[in-house]
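Undergrad: I'm passing along data02.txt; it holds compact mmCIF, C-alpha atoms.
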# COMPACT_ATOMS: atom_id res chain seq x y z
CA MET V 9 -8.28 -4.07 -4.75
CA LYS V 10 -7.59 -1.58 -7.57
CA LYS V 11 -4.27 -1.49 -9.36
CA LEU V 12 -2.54 1.89 -9.07
CA LEU V 13 0.45 2.75 -11.26
CA LEU V 14 2.56 5.72 -10.15
CA ILE V 15 4.70 7.28 -12.89
CA VAL V 16 7.76 9.44 -12.21
CA PRO V 17 10.96 10.14 -14.19
CA SER V 18 13.22 8.58 -11.55
CA LEU V 19 13.51 7.84 -7.85
CA HIS V 20 16.50 10.13 -7.51
CA GLN V 21 16.57 13.30 -5.42
CA GLY V 22 13.62 15.66 -6.00
CA GLY V 23 10.29 16.82 -4.58
CA ALA V 24 8.05 14.99 -7.07
CA GLU V 25 10.14 11.84 -6.73
CA LYS V 26 9.93 12.00 -2.94
CA VAL V 27 6.15 12.42 -2.98
CA CYS V 28 5.79 9.53 -5.44
CA ALA V 29 7.88 7.17 -3.31
CA ALA V 30 6.05 8.11 -0.11
CA THR V 31 2.66 7.77 -1.85
CA ALA V 32 3.56 4.26 -3.01
CA VAL V 33 4.44 3.14 0.50
CA ILE V 34 1.44 4.55 2.36
CA LEU V 35 -1.16 3.37 -0.20
CA LYS V 36 -0.11 -0.29 -0.15
CA PRO V 37 -2.89 -1.34 2.28
CA TRP V 38 -5.60 -0.03 -0.10
CA PHE V 39 -4.20 -0.51 -3.61
CA GLU V 40 -1.98 -2.85 -5.57
CA VAL V 41 0.70 -0.21 -6.09
CA GLN V 42 3.37 -0.27 -8.78
CA ILE V 43 5.83 2.38 -9.97
CA ALA V 44 7.05 3.12 -13.50
CA ILE V 45 10.26 5.13 -13.92
CA PHE V 46 12.23 6.25 -16.97
CA ASP V 47 15.66 5.84 -15.38
CA SER V 48 16.71 3.58 -12.49
CA ALA V 49 20.09 5.24 -11.87
CA ASN V 50 20.83 6.61 -8.40
CA ILE V 51 17.68 5.53 -6.56
CA ASP V 52 17.52 7.51 -3.31
CA PHE V 53 14.08 6.65 -1.95
CA ASP V 54 13.04 3.45 -0.21
CA VAL V 55 10.05 1.78 -1.90
CA GLU V 56 10.54 -1.69 -0.44
CA GLY V 57 7.69 -4.03 -1.31
CA VAL V 58 6.51 -1.97 -4.29
CA PRO V 59 7.26 -3.35 -7.79
CA VAL V 60 9.29 -0.86 -9.85
CA HIS V 61 9.27 -1.02 -13.66
CA ASP V 62 12.25 0.67 -15.34
CA LEU V 63 11.23 1.81 -18.83
CA GLY V 64 14.92 2.34 -19.60
CA LEU V 65 14.45 5.70 -21.30
CA PRO V 66 16.42 8.37 -19.41
CA SER V 67 16.55 11.99 -20.51
CA ARG V 68 18.47 12.63 -23.73
CA PRO V 69 20.06 15.84 -25.07
CA GLY V 70 18.75 17.53 -28.18
CA LYS V 71 15.26 18.61 -29.21
CA LEU V 72 14.63 15.73 -31.64
CA ALA V 73 15.83 13.15 -29.13
CA LYS V 74 13.52 14.59 -26.48
CA VAL V 75 10.50 14.42 -28.81
CA LEU V 76 11.28 10.84 -29.76
CA ASN V 77 11.70 10.00 -26.09
CA VAL V 78 8.15 11.17 -25.35
CA PHE V 79 6.67 8.72 -27.85
CA ARG V 80 8.97 5.86 -26.86
CA ARG V 81 8.09 6.33 -23.19
CA ALA V 82 4.38 6.53 -24.01
CA ASN V 83 4.57 3.34 -26.06
CA ARG V 84 6.31 1.36 -23.34
CA LEU V 85 4.05 2.81 -20.68
CA ASN V 86 0.94 1.93 -22.67
CA ARG V 87 2.11 -1.66 -22.98
CA LEU V 88 2.81 -1.77 -19.26
CA LYS V 89 -0.66 -0.43 -18.42
CA LYS V 90 -2.27 -3.14 -20.55
CA LYS V 91 -0.03 -5.95 -19.32
CA GLU V 92 -0.59 -5.13 -15.63
CA ARG V 93 -4.29 -4.27 -16.16
CA ILE V 94 -3.87 -0.95 -14.38
CA ASP V 95 -7.01 0.78 -13.08
CA ILE V 96 -5.51 4.20 -12.25
CA ALA V 97 -2.33 5.76 -13.67
CA TYR V 98 -1.09 8.70 -11.58
CA SER V 99 1.93 10.66 -12.86
CA PHE V 100 4.11 13.28 -11.18
CA GLY V 101 5.47 16.32 -13.06
CA PRO V 102 5.52 17.48 -16.73
CA THR V 103 7.58 14.72 -18.37
CA ALA V 104 5.75 11.92 -16.57
CA ASN V 105 2.42 13.61 -17.32
CA LEU V 106 3.29 13.74 -21.03
CA ALA V 107 4.00 10.02 -21.12
CA ASN V 108 0.82 9.27 -19.15
CA VAL V 109 -1.39 11.29 -21.51
CA PHE V 110 0.26 9.98 -24.66
CA ALA V 111 -0.04 6.40 -23.39
CA GLY V 112 -3.56 5.76 -24.64
CA ARG V 113 -5.15 9.13 -23.78
CA LEU V 114 -4.18 11.35 -26.70
CA PHE V 115 -7.00 10.31 -29.05
CA SER V 116 -9.31 8.41 -26.71
CA ARG V 117 -10.50 8.52 -23.12
CA LYS V 118 -10.59 4.75 -22.89
CA GLY V 119 -8.28 2.69 -20.73
CA PRO V 120 -7.11 3.31 -17.15
CA VAL V 121 -8.21 6.38 -15.23
CA CYS V 122 -5.62 9.12 -15.83
CA TRP V 123 -4.47 11.38 -12.98
CA LEU V 124 -1.83 14.05 -13.58
CA GLY V 125 0.13 15.67 -10.77
CA VAL V 126 1.13 19.34 -11.11
CA MET V 127 3.95 19.65 -8.61
CA SER V 128 5.32 23.16 -9.15
CA TYR V 129 4.40 26.66 -10.20
CA MET V 130 6.99 26.19 -12.97
CA ASP V 131 4.58 23.69 -14.56
CA MET V 132 2.41 26.69 -15.49
CA ASP V 133 4.97 27.47 -18.21
CA SER V 134 4.44 24.07 -19.85
CA SER V 135 3.00 24.37 -23.34
CA TRP V 136 1.33 21.01 -22.74
CA LEU V 137 -0.73 22.07 -19.73
CA GLY V 138 -3.81 22.85 -21.82
CA LEU V 139 -3.64 19.34 -23.32
CA PHE V 140 -3.28 17.84 -19.85
CA CYS V 141 -6.46 19.58 -18.75
CA LYS V 142 -8.46 18.16 -21.67
CA ARG V 143 -7.21 14.57 -21.64
CA CYS V 144 -7.00 13.66 -17.93
CA ASP V 145 -9.66 12.58 -15.46
CA ARG V 146 -8.11 14.56 -12.62
CA LEU V 147 -5.44 17.25 -12.43
CA LEU V 148 -4.01 17.06 -8.93
CA CYS V 149 -2.41 20.37 -7.88
CA CYS V 150 0.00 20.61 -4.96
CA SER V 151 -1.46 23.93 -3.76
CA GLU V 152 -4.83 25.65 -3.84
CA ALA V 153 -3.38 28.81 -5.40
CA LEU V 154 -1.94 26.76 -8.26
CA ARG V 155 -5.26 24.96 -8.74
CA GLN V 156 -7.14 28.25 -9.02
CA MET V 157 -4.66 29.62 -11.57
CA ILE V 158 -4.97 26.55 -13.78
CA GLU V 159 -8.76 26.46 -13.51
CA LYS V 160 -8.98 30.12 -14.51
CA LYS V 161 -6.40 30.03 -17.32
CA TYR V 162 -7.55 26.78 -18.95
CA ALA V 163 -11.22 26.61 -17.86
CA CYS V 164 -10.35 23.20 -16.46
CA GLY V 165 -13.06 21.68 -14.29
CA ARG V 166 -11.04 18.59 -13.39
CA THR V 167 -8.63 20.26 -10.97
CA CYS V 168 -8.36 19.37 -7.30
CA THR V 169 -5.92 20.21 -4.51
CA LEU V 170 -3.64 17.59 -3.01
CA PRO V 171 -0.84 19.10 -0.89
CA GLY V 172 2.11 17.09 0.32
CA PHE V 173 1.79 14.91 3.39
CA PHE V 174 4.09 14.19 6.29
CA ASP V 175 4.53 11.47 8.88
CA ILE V 176 5.50 13.77 11.74
CA ALA V 177 6.29 10.96 14.17
CA GLN V 178 8.58 9.33 11.60
CA ILE V 179 10.36 12.62 10.86
CA ARG V 180 11.08 13.12 14.56
CA LYS V 181 12.21 9.52 14.97
CA ARG V 182 14.62 9.78 12.05
CA ALA V 183 15.94 13.09 13.37
CA ASP V 184 17.25 11.22 16.41
CA GLU V 185 18.93 8.40 14.47
CA GLU V 186 22.34 10.01 14.19
CA GLU V 187 24.49 12.93 15.27
CA PRO V 188 25.73 14.83 12.22
CA THR V 189 29.28 16.14 12.09
CA LEU V 190 29.35 19.87 11.45
CA PRO V 191 32.40 22.12 11.04
CA TRP V 192 31.49 24.10 14.14
CA GLN V 193 29.85 23.61 17.52
CA GLY V 194 27.41 25.86 19.29
CA GLY V 195 25.81 29.01 17.98
CA ARG V 196 22.41 29.54 16.44
CA ILE V 197 21.99 27.74 13.13
CA ILE V 198 19.86 28.97 10.23
CA CYS V 199 18.93 26.10 7.90
CA SER V 200 17.79 25.83 4.32
CA MET V 201 17.32 22.74 2.17
CA GLY V 202 17.11 22.18 -1.57
CA ARG V 203 19.06 21.15 -4.64
CA GLU V 204 21.35 23.64 -6.33
CA ASP V 205 18.85 25.42 -8.57
CA VAL V 206 18.45 29.06 -9.54
CA VAL V 207 14.80 29.11 -8.41
CA LYS V 208 15.94 28.47 -4.83
CA GLY V 209 17.58 31.91 -4.64
CA PHE V 210 20.58 30.76 -2.60
CA TRP V 211 22.46 34.00 -3.39
CA HIS V 212 19.71 35.83 -1.50
CA LEU V 213 20.11 33.38 1.38
CA LEU V 214 23.86 33.97 1.62
CA LYS V 215 23.56 37.75 1.43
CA ILE V 216 20.82 37.83 4.06
CA PHE V 217 22.87 35.59 6.32
CA SER V 218 25.96 37.76 5.90
CA LEU V 219 24.02 40.73 7.28
CA VAL V 220 22.62 38.66 10.15
CA HIS V 221 26.08 37.28 10.93
CA GLU V 222 27.47 40.83 11.01
CA LYS V 223 25.05 41.67 13.85
CA LEU V 224 25.05 38.22 15.49
CA PRO V 225 28.51 36.66 15.01
CA ASP V 226 27.49 33.39 16.71
CA THR V 227 25.01 32.54 13.91
CA ARG V 228 25.79 29.81 11.39
CA LEU V 229 24.21 28.80 8.06
CA LEU V 230 23.57 25.17 7.10
CA ILE V 231 22.55 24.38 3.50
CA ILE V 232 21.42 20.80 2.81
CA GLY V 233 20.95 19.57 -0.74
CA LYS V 234 22.45 18.11 -3.88
CA GLY V 235 24.96 20.12 -5.89
CA GLU V 236 28.52 21.41 -5.97
CA PHE V 237 27.38 24.95 -5.06
CA THR V 238 30.64 26.29 -6.56
CA PRO V 239 29.40 29.86 -7.29
CA TYR V 240 27.74 30.01 -3.88
CA ARG V 241 30.90 28.90 -2.10
CA LYS V 242 32.73 31.69 -3.91
CA LEU V 243 30.03 34.19 -2.94
CA ALA V 244 30.25 33.08 0.71
CA ASP V 245 34.01 33.65 0.56
CA ASN V 246 33.56 37.10 -1.00
CA LEU V 247 31.01 37.97 1.69
CA GLY V 248 33.50 36.96 4.38
CA ILE V 249 31.25 34.25 5.84
CA ALA V 250 32.84 31.08 4.43
CA ASP V 251 33.82 29.83 7.89
CA ALA V 252 30.23 30.25 9.12
CA VAL V 253 28.55 28.40 6.23
CA CYS V 254 28.31 24.63 5.75
CA PHE V 255 27.22 23.06 2.47
CA ALA V 256 26.20 19.63 3.78
CA GLY V 257 25.34 18.11 0.40
CA LEU V 258 22.69 15.51 -0.33
CA GLN V 259 21.65 13.54 2.75
CA LYS V 260 19.43 10.46 2.59
CA ASN V 261 18.37 11.35 6.12
CA PRO V 262 18.46 15.16 6.34
CA TYR V 263 16.45 15.37 9.57
CA PRO V 264 19.35 15.16 12.07
CA TYR V 265 20.84 18.13 10.24
CA LEU V 266 17.59 20.09 10.23
CA LYS V 267 17.12 19.38 13.92
CA LYS V 268 20.30 21.36 14.62
CA GLY V 269 18.63 24.52 13.38
CA SER V 270 16.80 27.28 15.20
CA LEU V 271 15.31 28.98 12.15
CA TYR V 272 14.51 27.82 8.60
CA LEU V 273 14.90 30.39 5.83
CA LEU V 274 13.38 29.77 2.37
CA THR V 275 14.39 32.23 -0.35
CA SER V 276 12.86 30.57 -3.43
CA TYR V 277 11.46 32.66 -6.26
CA TRP V 278 8.80 30.02 -6.85
CA GLU V 279 7.81 26.64 -5.48
CA GLY V 280 4.96 24.18 -5.75
CA PHE V 281 4.46 22.93 -2.23
CA PRO V 282 7.81 23.24 -0.40
CA ASN V 283 8.06 19.93 1.48
CA ALA V 284 11.32 20.86 3.17
CA LEU V 285 9.65 23.88 4.78
CA VAL V 286 6.99 21.74 6.47
CA GLU V 287 9.59 19.13 7.48
CA ALA V 288 11.58 21.85 9.23
CA MET V 289 8.41 23.10 10.92
CA ALA V 290 7.70 19.57 12.17
CA LEU V 291 11.05 19.71 13.98
CA GLY V 292 10.21 23.06 15.57
CA LEU V 293 12.34 25.35 13.45
CA VAL V 294 10.95 28.87 13.19
CA PRO V 295 9.92 29.31 9.52
CA VAL V 296 10.68 32.42 7.47
CA ALA V 297 9.88 32.25 3.74
CA THR V 298 9.48 34.41 0.67
CA ASP V 299 5.91 34.95 -0.43
CA CYS V 300 6.67 33.10 -3.64
CA MET V 301 4.37 31.37 -6.11
CA THR V 302 3.22 29.05 -4.53
CA GLY V 303 3.09 27.31 -1.16
CA PRO V 304 4.43 29.32 1.80
CA ALA V 305 1.41 31.63 2.13
CA GLU V 306 -0.95 28.63 2.26
CA ILE V 307 1.27 26.78 4.70
CA PHE V 308 1.58 29.76 7.06
CA ASP V 309 -2.13 30.66 6.78
CA GLY V 310 -1.56 34.12 8.18
CA LYS V 311 -0.01 33.13 11.52
CA TYR V 312 2.16 29.98 11.47
CA GLY V 313 5.31 31.55 10.02
CA VAL V 314 6.83 34.78 8.78
CA LEU V 315 6.38 35.77 5.13
CA VAL V 316 8.80 38.21 3.50
CA PRO V 317 8.49 39.78 0.03
CA ASN V 318 9.63 37.79 -2.98
CA MET V 319 13.05 38.77 -4.33
CA GLY V 320 14.78 39.06 -7.70
CA LYS V 321 14.92 35.91 -9.82
CA ASP V 322 18.16 36.71 -11.67
CA PRO V 323 21.32 35.46 -9.91
CA ASP V 324 23.39 38.27 -8.44
CA MET V 325 26.79 37.10 -7.23
CA ASP V 326 28.07 40.61 -6.52
CA ALA V 327 28.91 40.56 -2.82
CA SER V 328 28.87 44.36 -2.69
CA HIS V 329 25.28 44.64 -3.91
CA MET V 330 22.32 44.09 -1.59
CA GLU V 331 18.66 44.30 -2.56
CA GLU V 332 16.32 46.23 -0.29
CA GLU V 333 14.37 43.00 0.37
CA GLU V 334 17.58 41.24 1.45
CA ILE V 335 18.42 44.03 3.88
CA ASN V 336 14.90 44.10 5.32
CA THR V 337 14.73 40.30 5.65
CA ALA V 338 18.09 40.25 7.41
CA ALA V 339 16.85 42.86 9.89
CA LEU V 340 13.70 40.81 10.52
CA VAL V 341 15.64 37.57 11.05
CA THR V 342 18.13 39.33 13.34
CA ALA V 343 15.34 40.75 15.49
CA LEU V 344 13.56 37.41 15.60
CA LEU V 345 16.67 35.50 16.70
CA GLN V 346 17.12 37.99 19.54
CA ASN V 347 13.54 37.57 20.77
CA GLU V 348 13.38 34.29 22.70
CA GLU V 349 9.67 34.63 23.42
CA GLU V 350 8.76 35.08 19.74
CA MET V 351 11.09 32.25 18.69
CA ALA V 352 9.39 29.91 21.19
CA ARG V 353 5.92 31.00 20.04
CA TYR V 354 6.64 30.47 16.36
CA SER V 355 8.31 27.14 17.11
CA ARG V 356 5.13 25.88 18.84
CA LEU V 357 2.94 27.18 16.01
CA ALA V 358 5.19 25.56 13.39
CA VAL V 359 4.85 22.13 14.99
CA GLU V 360 1.09 22.58 15.27
CA ARG V 361 0.72 23.56 11.61
CA ALA V 362 2.93 20.76 10.30
CA GLY V 363 0.56 18.27 11.88
CA VAL V 364 -2.29 19.46 9.62
CA PHE V 365 -0.61 17.97 6.54
CA SER V 366 -1.17 14.41 7.64
CA LYS V 367 -0.88 11.26 5.61
CA GLU V 368 -4.37 10.25 6.81
CA GLU V 369 -5.99 13.16 4.94
CA TYR V 370 -3.92 12.42 1.83
CA ILE V 371 -4.99 8.76 1.89
CA ARG V 372 -8.64 9.73 2.44
CA LYS V 373 -8.68 11.94 -0.66
CA ILE V 374 -6.96 9.37 -2.89
CA ARG V 375 -9.37 6.63 -1.80
CA GLU V 376 -12.40 8.90 -2.26
CA TRP V 377 -11.35 9.93 -5.78
CA SER V 378 -10.56 6.37 -6.78
CA VAL V 379 -14.22 5.33 -6.50
CA ASP V 380 -15.67 8.33 -8.37
Can the structure from this file be put into structure tokens for me?
TA:
Amino acid sequence: MKKLLLIVPSLHQGGAEKVCAATAVILKPWFEVQIAIFDSANIDFDVEGVPVHDLGLPSRPGKLAKVLNVFRRANRLNRLKKKERIDIAYSFGPTANLANVFAGRLFSRKGPVCWLGVMSYMDMDSSWLGLFCKRCDRLLCCSEALRQMIEKKYACGRTCTLPGFFDIAQIRKRADEEEPTLPWQGGRIICSMGREDVVKGFWHLLKIFSLVHEKLPDTRLLIIGKGEFTPYRKLADNLGIADAVCFAGLQKNPYPYLKKGSLYLLTSYWEGFPNALVEAMALGLVPVATDCMTGPAEIFDGKYGVLVPNMGKDPDMDASHMEEEEINTAALVTALLQNEEEMARYSRLAVERAGVFSKEEYIRKIREWSVD
């Protein structure tokens, strides 16, 4: 049985961290799986039965400190690879990829097989991406569109596509584990999930919802994710919708909250592969998403959800100003919520599509690549 080392900055909240933890658990029957992290604070994901090595090198402020951290992480990671006799080292995201490449792959291609995971379109801005392409054995991209961009820009022939995976039965089971307490009862709930981050475009979400709420006063907005959301709470107040919006915060089990929704609205400017979107689809929420780089267009595949144009990337907290795309999206969502037949059709299609991203296909690809 081959030894597989998964490398991620932490096991705290985040898409890459979530994929890493889930990968570790599902691959245990086929690999001796271990995880290396830079910081063990605030572990959110359950990796019971998988050894976790804390390199003890969390992020540090300052340019010089960050550079030194790269080499210190690489040194400790290289020692760990040798000590544990690792066969494959698979890292998730730019900082983990840097450590993985620098740990024995910068000047030589000897040592463990090196897989690098590109988890977001934002990774395209990394000045190290060209180096990653040259020094790795495989560059695993979370979407096909992202893979094609990297292959074209860097003439990299080592790219492959590995989208996220989902245990649909487990998601549904966990959705029934509790009854969340919300500030209101009844009404149609629009959901969105993600950490407080500019790329998520939550100001667009609030403005769109305010226009929907104006036409359909029984609608509510539920935002799940880590952050204080202070400017967004103020915007909600200025829009006159504060009583109809709930910032639920970080939830270790977000599925009971998602299950309360009728429609899922993603307003990100860019993504990699938006896991939360597929999780919502698995629970039957009707998906509406910006046609951002990358993810939603591939997930919807022309019929499984509603794509709307991408919107401005610069935060606009002026409650009196609405973009044309916000107005049009609000009209679309309003019409959709009023059409029970279309809502039911998209709900069925969403569940069907979510089932395509199975853990079985993910496992099959990993096992196939591991014997190349």
Undergrad: Nearest to Leu12 of chain V: which of V:Ile374, V:Ile51, V:Val341, V:Cys300 is it, counting only C-alpha atoms?
TA: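 Among the listed residues, V:Ile374 lies closest to Leu12 of chain V.
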Undergrad: I need the residue nearest Leu214 of chain V from this list: V:Thr298, V:Asn336, V:Ser200, V:Gln156. Use only C-alpha atoms for the distance.
TA: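 Result for the nearest residue to Leu214 of chain V: V:Ser200.
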Undergrad: Considering only C-alpha atoms, can you say which of V:Gly172, V:Gly235, V:Gly320, V:Gly257 comes closest to Ile307 of chain V?
TA: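 Of V:Gly172, V:Gly235, V:Gly320, V:Gly257, the one nearest Ile307 of chain V is V:Gly172, counting only C-alpha atoms.
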Undergrad: So that I can check the surroundings of segment 250-253 of chain V, please list as a PyMOL selection string every protein, DNA and RNA residue that reaches within 12 Å of it, counting only C-alpha atoms and ignoring chain neighbours fewer than 6 positions away.
TA: chain V and resi 190-200+213-215+217-218+220-222+224-232+237+240-244
Undergrad: In terms of the shortest atom-to-atom distance over all atoms listed in the file, which of V:Pro120, V:Gly209, V:Pro69, V:Gly125 is closest to Arg93 of chain V?
TA: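 Residue with the minimum atom-to-atom distance to Arg93 of chain V: V:Pro120.
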